[in-house]
Amino acid sequence: MVRNYKRKTDFGSTPQHIYDKAVKEVIDGVITLRQAAKKYDVNVMTLQRYKTKITDPNVKEPASIGWRSHTVFTHNQEVELALYTKQSSRIYFGLTGTDLKSLAFQFGKVNNVKMPSNWYNNCSAGEDWLYSFLKRNKDLSLRTPQATSLSRATSFNRHNVKTFFENLCKLYDRFKFEPHNIFNVDETGVTTVHRPSKIIAVKGTKQVGAITSGERGTLVTVALAVSAIGNTVPPMFIFPRKKMKPWFLTNSPVGSIGSANSSGWMTGEDFLIFIKHFCKNVKPSIDQPTLLLLDNHVSNLNIEVLNFCKLNGIILLSFPPHCSHKLQPLDRSVFRSFKTFTHKFSDS
């Protein structure tokens with residue numbers, strides 16, 4: 001396979017900056033071409049060709065030195081393909097390897113590019129071209145995309161984000177919040193059966209297992225509030241049970257509280273309990289209010305929650321709908337590290 005080819009000689013291994021220095025001295029008239037080749041220990045004919053590439057105005061591609069494999073497309077054509085691939089990924093319509101190979105074949109036909117015969121047989125570029133293309137464009141790679149709904153993709157836009165930060169600035173100007181009075185609250189689901197870490201096993205084994213407490217775990221919701229300076233409020237746990245029992249909180253962080261409902265998810269009643277817990281620990285007041293950033297989930301917009309916050313100096317500001325995956329600080333940082341730690345801790 002071409003993509004597994006290993007060079008057998010060191011021909012063309014001289015760094016390009018050596019040729020640049022040699023050509024500069026020749027162009028400046030410091031030394032002759034042969035003197036430069038001898039001084040920098042390079043091939044005189046290669047140096048001559050490199051000098052021609054630099055000085056000839058008809059050569060459109062950037063000058064380069066060294067051994068290069070044959071490419072189907074020109075440098076500018078590959079740049080165009082790479083830019084289209086990046087743009088497709090940016091707007092949530094990324095190309096698979098098969099898509100890119102098919103696109104390359106169509107692109108070659110439109111531009112009357114001479115292509116290998118097997119491209120015409122398969123109506124697609126080959127695997128070798130794909131791997132070589134990714135190797136030449138090091139900022140591209142095959143990635144596993146995260147499923148993103150259309151509402152999320154379309155709601156995260158300049159207008160919504162700008163409006164949120166304008167509202168945030170207005171609150172800063174009005175209440176003069178100190179960093180320790182700015183909190184972010186969010187909840188995440190944690191399963192009682194954690195994902196096993198990767199293990200070393202025999203190559204070719206079709207299935208590799210690891211012992212866990214069960215194959216399917218119970219989902220417990222954890223609500224957490226963190227301030228702009230890193231202080232935290234003891235978490236709240238919501239268990240999928242009809243009634244809350246004190247022993248559910250065994251070995252939990254000091255000061256933690258719990259609640260229970262049939263689903264295990266945050267409800268308006270549960271969030272009111274959390275807000276009272278938050279108020280008890282942070283102690284906001286009308287004279288010294290606290291800013292609480294949160295998503296606009298229906299459980300966070302309970303009328304009793306809004307009245308309690310108004311009476312106790314808690315200013316609520318919600319992120320735009322379907323934008324918390326980009327704007328929510330806890331989603332972007334804390335929860336990912338937290339879940340990674342819990343998976344590792346469960347293995348020890």
# chains A, B, ... in the order shown; residues from 1 in each chain; ligands from 1
>>> residues_around(residues="Phe274 in chain A", least_positions_apart="6", cutoff="12 Å", atoms="only C-alpha atoms", output="list in words")
Val185, Asp186, Glu187, Val222, Ala223, Leu224, Ala225, Val233, Pro234, Pro235, Met236, Phe237, Ile238, Ser256, Ile257, Gly258, Ser259, Met266, Thr267, Gly268, Lys280, Asn281, Val282, Ser299, Asn300, Val305, Phe308 and Cys309 of chain A
>>> write_last_selection(atoms="N, CA and C atoms", output="short mmCIF file (atom, residue, chain, number, x, y, z; two decimals), in the first residue's frame")
data_model
loop_
_atom_site.label_atom_id
_atom_site.label_comp_id
_atom_site.auth_asym_id
_atom_site.auth_seq_id
_atom_site.Cartn_x
_atom_site.Cartn_y
_atom_site.Cartn_z
N VAL A 185 -25.07 27.62 38.22
CA VAL A 185 -25.69 26.40 38.71
C VAL A 185 -26.11 25.53 37.54
N ASP A 186 -25.96 24.24 37.70
CA ASP A 186 -26.40 23.30 36.67
C ASP A 186 -26.51 21.93 37.30
N GLU A 187 -27.17 21.02 36.60
CA GLU A 187 -27.29 19.64 37.10
C GLU A 187 -26.80 18.68 36.03
N VAL A 222 -27.21 15.23 40.00
CA VAL A 222 -26.42 16.03 40.94
C VAL A 222 -26.54 17.49 40.53
N ALA A 223 -26.99 18.35 41.44
CA ALA A 223 -27.08 19.79 41.20
C ALA A 223 -25.94 20.47 41.95
N LEU A 224 -25.25 21.38 41.25
CA LEU A 224 -24.05 22.00 41.82
C LEU A 224 -24.00 23.47 41.45
N ALA A 225 -23.51 24.30 42.37
CA ALA A 225 -23.31 25.73 42.11
C ALA A 225 -21.86 26.08 42.44
N VAL A 233 -20.98 25.37 46.46
CA VAL A 233 -22.04 25.08 47.42
C VAL A 233 -22.16 23.57 47.51
N PRO A 234 -22.31 22.98 48.70
CA PRO A 234 -22.47 21.52 48.80
C PRO A 234 -23.56 21.04 47.86
N PRO A 235 -23.33 19.95 47.14
CA PRO A 235 -24.26 19.52 46.09
C PRO A 235 -25.58 18.99 46.63
N MET A 236 -26.52 18.89 45.70
CA MET A 236 -27.82 18.28 46.00
C MET A 236 -27.98 17.07 45.09
N PHE A 237 -28.43 15.95 45.67
CA PHE A 237 -28.63 14.71 44.92
C PHE A 237 -30.13 14.44 44.80
N ILE A 238 -30.58 14.13 43.58
CA ILE A 238 -31.98 13.75 43.36
C ILE A 238 -32.01 12.26 42.98
N SER A 256 -24.14 18.21 52.10
CA SER A 256 -24.99 17.84 50.96
C SER A 256 -26.43 17.61 51.40
N ILE A 257 -27.35 17.83 50.47
CA ILE A 257 -28.75 17.55 50.73
C ILE A 257 -29.27 16.62 49.64
N GLY A 258 -30.46 16.06 49.86
CA GLY A 258 -31.02 15.14 48.89
C GLY A 258 -32.51 15.31 48.73
N SER A 259 -33.00 14.79 47.61
CA SER A 259 -34.43 14.79 47.33
C SER A 259 -34.73 13.54 46.51
N MET A 266 -34.42 16.65 37.88
CA MET A 266 -34.74 17.88 38.59
C MET A 266 -36.14 18.36 38.21
N THR A 267 -36.96 18.66 39.22
CA THR A 267 -38.29 19.23 39.01
C THR A 267 -38.34 20.62 39.64
N GLY A 268 -39.46 21.33 39.44
CA GLY A 268 -39.59 22.66 40.03
C GLY A 268 -39.52 22.62 41.55
N LYS A 280 -29.04 29.44 51.99
CA LYS A 280 -28.52 29.16 53.33
C LYS A 280 -27.00 29.20 53.36
N ASN A 281 -26.35 28.74 52.29
CA ASN A 281 -24.89 28.68 52.26
C ASN A 281 -24.24 29.98 51.78
N VAL A 282 -24.86 30.65 50.81
CA VAL A 282 -24.26 31.85 50.24
C VAL A 282 -24.67 33.11 51.01
N SER A 299 -37.84 23.44 34.98
CA SER A 299 -37.75 23.27 36.43
C SER A 299 -37.15 24.49 37.11
N ASN A 300 -36.36 25.29 36.36
CA ASN A 300 -35.71 26.46 36.95
C ASN A 300 -36.59 27.70 36.88
N VAL A 305 -39.94 29.57 42.88
CA VAL A 305 -38.48 29.83 42.84
C VAL A 305 -38.24 31.31 42.55
N PHE A 308 -39.12 33.47 45.58
CA PHE A 308 -38.13 33.30 46.66
C PHE A 308 -36.85 34.07 46.33
N CYS A 309 -36.40 33.97 45.08
CA CYS A 309 -35.17 34.67 44.68
C CYS A 309 -35.35 36.18 44.77
#
>>> closest_atom_pairs(of="range 313-344 of chain A", to="range 162-170 of chain A", cutoff="10 Å", atoms="only C-alpha atoms", output="Markdown table")
| residue | atom | partner | partner_atom | distance |
| --- | --- | --- | --- | --- |
| A:Leu317 | CA | A:Leu168 | CA | 7.6 |
| A:Ser318 | CA | A:Phe164 | CA | 8.2 |
| A:Phe319 | CA | A:Phe164 | CA | 6.7 |
| A:Pro320 | CA | A:Phe164 | CA | 6.7 |
| A:Leu327 | CA | A:Phe164 | CA | 9.8 |
>>> residues_around(residues="Asp20 in chain A", least_positions_apart="3", cutoff="12 Å", atoms="only C-alpha atoms", output="list in words")
Thr14, Pro15, Gln16, His17, Val23, Lys24, Glu25, Val26, Ile27, Ala36, Ala37, Tyr40, Val42, Leu47, Gln48, Tyr50, Lys51, Lys53, Ile54, Ala63, Ser64 and Ile65 of chain A
>>> select_by_dssp(residues="range 88-313 of chain A", states="alpha helix (DSSP H)", output="PDB file with C-alpha atoms, in the first residue's frame")
ATOM      1  CA  SER A  88     -18.809  21.645   6.269  1.00  0.00           C
ATOM      2  CA  SER A  89     -17.642  20.500   9.707  1.00  0.00           C
ATOM      3  CA  ARG A  90     -18.144  23.977  11.145  1.00  0.00           C
ATOM      4  CA  GLY A  97     -14.234   9.583   4.543  1.00  0.00           C
ATOM      5  CA  THR A  98     -16.517   8.124   1.867  1.00  0.00           C
ATOM      6  CA  ASP A  99     -18.110  11.539   1.248  1.00  0.00           C
ATOM      7  CA  LEU A 100     -14.728  13.209   0.834  1.00  0.00           C
ATOM      8  CA  LYS A 101     -13.488  10.549  -1.585  1.00  0.00           C
ATOM      9  CA  SER A 102     -16.623  10.903  -3.703  1.00  0.00           C
ATOM     10  CA  LEU A 103     -16.322  14.693  -3.627  1.00  0.00           C
ATOM     11  CA  ALA A 104     -12.657  14.473  -4.688  1.00  0.00           C
ATOM     12  CA  PHE A 105     -13.605  12.397  -7.740  1.00  0.00           C
ATOM     13  CA  GLN A 106     -16.356  14.845  -8.777  1.00  0.00           C
ATOM     14  CA  PHE A 107     -14.002  17.779  -8.151  1.00  0.00           C
ATOM     15  CA  GLY A 108     -11.394  16.139 -10.383  1.00  0.00           C
ATOM     16  CA  LYS A 109     -13.905  15.553 -13.198  1.00  0.00           C
ATOM     17  CA  VAL A 110     -15.139  19.157 -13.112  1.00  0.00           C
ATOM     18  CA  SER A 117      -8.047   4.594 -13.488  1.00  0.00           C
ATOM     19  CA  ASN A 118      -9.459   2.984 -10.342  1.00  0.00           C
ATOM     20  CA  TRP A 119     -11.068   6.327  -9.455  1.00  0.00           C
ATOM     21  CA  TYR A 120     -13.183   6.084 -12.610  1.00  0.00           C
ATOM     22  CA  ASN A 121     -14.064   2.440 -11.883  1.00  0.00           C
ATOM     23  CA  ASN A 122     -15.279   3.237  -8.356  1.00  0.00           C
ATOM     24  CA  GLU A 127      -8.023   5.097   0.418  1.00  0.00           C
ATOM     25  CA  ASP A 128      -4.407   6.003  -0.324  1.00  0.00           C
ATOM     26  CA  TRP A 129      -5.417   9.452  -1.528  1.00  0.00           C
ATOM     27  CA  LEU A 130      -7.569  10.028   1.575  1.00  0.00           C
ATOM     28  CA  TYR A 131      -4.794   9.134   4.016  1.00  0.00           C
ATOM     29  CA  SER A 132      -2.244  11.171   2.051  1.00  0.00           C
ATOM     30  CA  PHE A 133      -4.628  14.149   1.915  1.00  0.00           C
ATOM     31  CA  LEU A 134      -5.105  14.052   5.709  1.00  0.00           C
ATOM     32  CA  LYS A 135      -1.357  13.690   6.186  1.00  0.00           C
ATOM     33  CA  ARG A 136      -0.690  16.783   4.071  1.00  0.00           C
ATOM     34  CA  LEU A 150     -31.056  21.126  14.773  1.00  0.00           C
ATOM     35  CA  SER A 151     -32.419  23.395  17.512  1.00  0.00           C
ATOM     36  CA  ARG A 152     -29.025  23.497  19.226  1.00  0.00           C
ATOM     37  CA  ALA A 153     -27.175  24.097  15.981  1.00  0.00           C
ATOM     38  CA  THR A 154     -29.444  26.966  14.899  1.00  0.00           C
ATOM     39  CA  SER A 155     -29.989  28.613  18.311  1.00  0.00           C
ATOM     40  CA  ARG A 158     -24.434  35.724  17.035  1.00  0.00           C
ATOM     41  CA  HIS A 159     -27.736  37.438  17.904  1.00  0.00           C
ATOM     42  CA  ASN A 160     -28.624  35.151  20.846  1.00  0.00           C
ATOM     43  CA  VAL A 161     -25.120  35.190  22.292  1.00  0.00           C
ATOM     44  CA  LYS A 162     -24.835  38.974  21.903  1.00  0.00           C
ATOM     45  CA  THR A 163     -28.184  39.491  23.661  1.00  0.00           C
ATOM     46  CA  PHE A 164     -27.113  37.299  26.578  1.00  0.00           C
ATOM     47  CA  PHE A 165     -23.853  39.194  27.126  1.00  0.00           C
ATOM     48  CA  GLU A 166     -25.607  42.553  26.784  1.00  0.00           C
ATOM     49  CA  ASN A 167     -28.000  41.510  29.579  1.00  0.00           C
ATOM     50  CA  LEU A 168     -25.050  40.286  31.627  1.00  0.00           C
ATOM     51  CA  CYS A 169     -23.262  43.633  31.246  1.00  0.00           C
ATOM     52  CA  LYS A 170     -26.398  45.526  32.272  1.00  0.00           C
ATOM     53  CA  LEU A 171     -26.628  43.486  35.481  1.00  0.00           C
ATOM     54  CA  TYR A 172     -22.919  44.051  36.206  1.00  0.00           C
ATOM     55  CA  ASP A 173     -23.353  47.810  35.765  1.00  0.00           C
ATOM     56  CA  ARG A 174     -26.499  47.925  37.897  1.00  0.00           C
ATOM     57  CA  PHE A 175     -25.539  45.729  40.863  1.00  0.00           C
ATOM     58  CA  GLY A 268     -39.595  22.659  40.029  1.00  0.00           C
ATOM     59  CA  GLU A 269     -40.130  21.477  43.628  1.00  0.00           C
ATOM     60  CA  ASP A 270     -36.618  20.023  43.779  1.00  0.00           C
ATOM     61  CA  PHE A 271     -35.093  23.219  42.407  1.00  0.00           C
ATOM     62  CA  LEU A 272     -36.891  25.256  45.074  1.00  0.00           C
ATOM     63  CA  ILE A 273     -35.268  23.019  47.705  1.00  0.00           C
ATOM     64  CA  PHE A 274     -31.883  23.612  46.066  1.00  0.00           C
ATOM     65  CA  ILE A 275     -32.393  27.406  45.927  1.00  0.00           C
ATOM     66  CA  LYS A 276     -33.188  27.469  49.666  1.00  0.00           C
ATOM     67  CA  HIS A 277     -30.069  25.352  50.247  1.00  0.00           C
ATOM     68  CA  PHE A 278     -28.085  27.787  48.076  1.00  0.00           C
ATOM     69  CA  CYS A 279     -29.434  30.791  50.010  1.00  0.00           C
ATOM     70  CA  LYS A 280     -28.519  29.161  53.331  1.00  0.00           C
ATOM     71  CA  ASN A 281     -24.890  28.682  52.260  1.00  0.00           C
ATOM     72  CA  VAL A 282     -24.261  31.855  50.235  1.00  0.00           C
ATOM     73  CA  ILE A 303     -43.031  30.694  40.102  1.00  0.00           C
ATOM     74  CA  GLU A 304     -42.208  29.836  43.719  1.00  0.00           C
ATOM     75  CA  VAL A 305     -38.484  29.831  42.838  1.00  0.00           C
ATOM     76  CA  LEU A 306     -38.769  33.258  41.174  1.00  0.00           C
ATOM     77  CA  ASN A 307     -40.623  34.752  44.181  1.00  0.00           C
ATOM     78  CA  PHE A 308     -38.127  33.297  46.659  1.00  0.00           C
ATOM     79  CA  CYS A 309     -35.173  34.670  44.675  1.00  0.00           C
ATOM     80  CA  LYS A 310     -36.773  38.107  44.435  1.00  0.00           C
ATOM     81  CA  LEU A 311     -37.315  38.290  48.214  1.00  0.00           C
TER      82      LEU A 311
END
>>> atom_distance(atom1="CA of His180 in chain A", atom2="CA of Trp265 in chain A")
28.5 Å
>>> closest_residue(among="A:Thr342, A:Asn251, A:Gln77, A:Gln328", to="Val226 in chain A", atoms="only C-alpha atoms")
A:Gln328
>>> atom_distance(atom1="CA of Pro329 in chain A", atom2="CA of Pro240 in chain A")
26.4 Å
>>> residues_around(residues="Leu316 in chain A", least_positions_apart="5", cutoff="8 Å", atoms="only C-alpha atoms", output="compact mmCIF listing (two decimals) with all heavy atoms, in the first residue's frame")
# COMPACT_ATOMS: atom_id res chain seq x y z
N LEU A 291 -25.63 37.03 41.86
CA LEU A 291 -26.03 36.69 40.49
C LEU A 291 -25.92 35.18 40.30
O LEU A 291 -24.89 34.59 40.61
CB LEU A 291 -25.15 37.41 39.47
CG LEU A 291 -25.39 37.06 38.00
CD1 LEU A 291 -26.80 37.46 37.57
CD2 LEU A 291 -24.36 37.73 37.10
N LEU A 292 -26.99 34.59 39.81
CA LEU A 292 -27.01 33.14 39.58
C LEU A 292 -27.30 32.88 38.10
O LEU A 292 -28.38 33.19 37.60
CB LEU A 292 -28.08 32.48 40.45
CG LEU A 292 -28.09 30.95 40.47
CD1 LEU A 292 -26.77 30.39 41.00
CD2 LEU A 292 -29.25 30.43 41.32
N LEU A 293 -26.33 32.33 37.40
CA LEU A 293 -26.47 31.98 35.98
C LEU A 293 -26.96 30.55 35.88
O LEU A 293 -26.41 29.65 36.51
CB LEU A 293 -25.13 32.13 35.26
CG LEU A 293 -24.47 33.52 35.32
CD1 LEU A 293 -23.07 33.47 34.73
CD2 LEU A 293 -25.31 34.56 34.59
N LEU A 294 -27.97 30.32 35.04
CA LEU A 294 -28.55 28.98 34.93
C LEU A 294 -29.17 28.81 33.55
O LEU A 294 -29.38 29.78 32.82
CB LEU A 294 -29.59 28.76 36.02
CG LEU A 294 -30.92 29.53 35.93
CD1 LEU A 294 -31.89 28.95 36.97
CD2 LEU A 294 -30.76 31.03 36.18
N CYS A 309 -36.40 33.97 45.08
CA CYS A 309 -35.17 34.67 44.68
C CYS A 309 -35.35 36.18 44.77
O CYS A 309 -34.44 36.90 45.21
CB CYS A 309 -34.79 34.28 43.25
SG CYS A 309 -34.24 32.57 43.07
>>> closest_residue(among="A:Asn312, A:Asn137, A:Pro253, A:Phe239", to="His75 in chain A", atoms="only C-alpha atoms")
A:Asn137
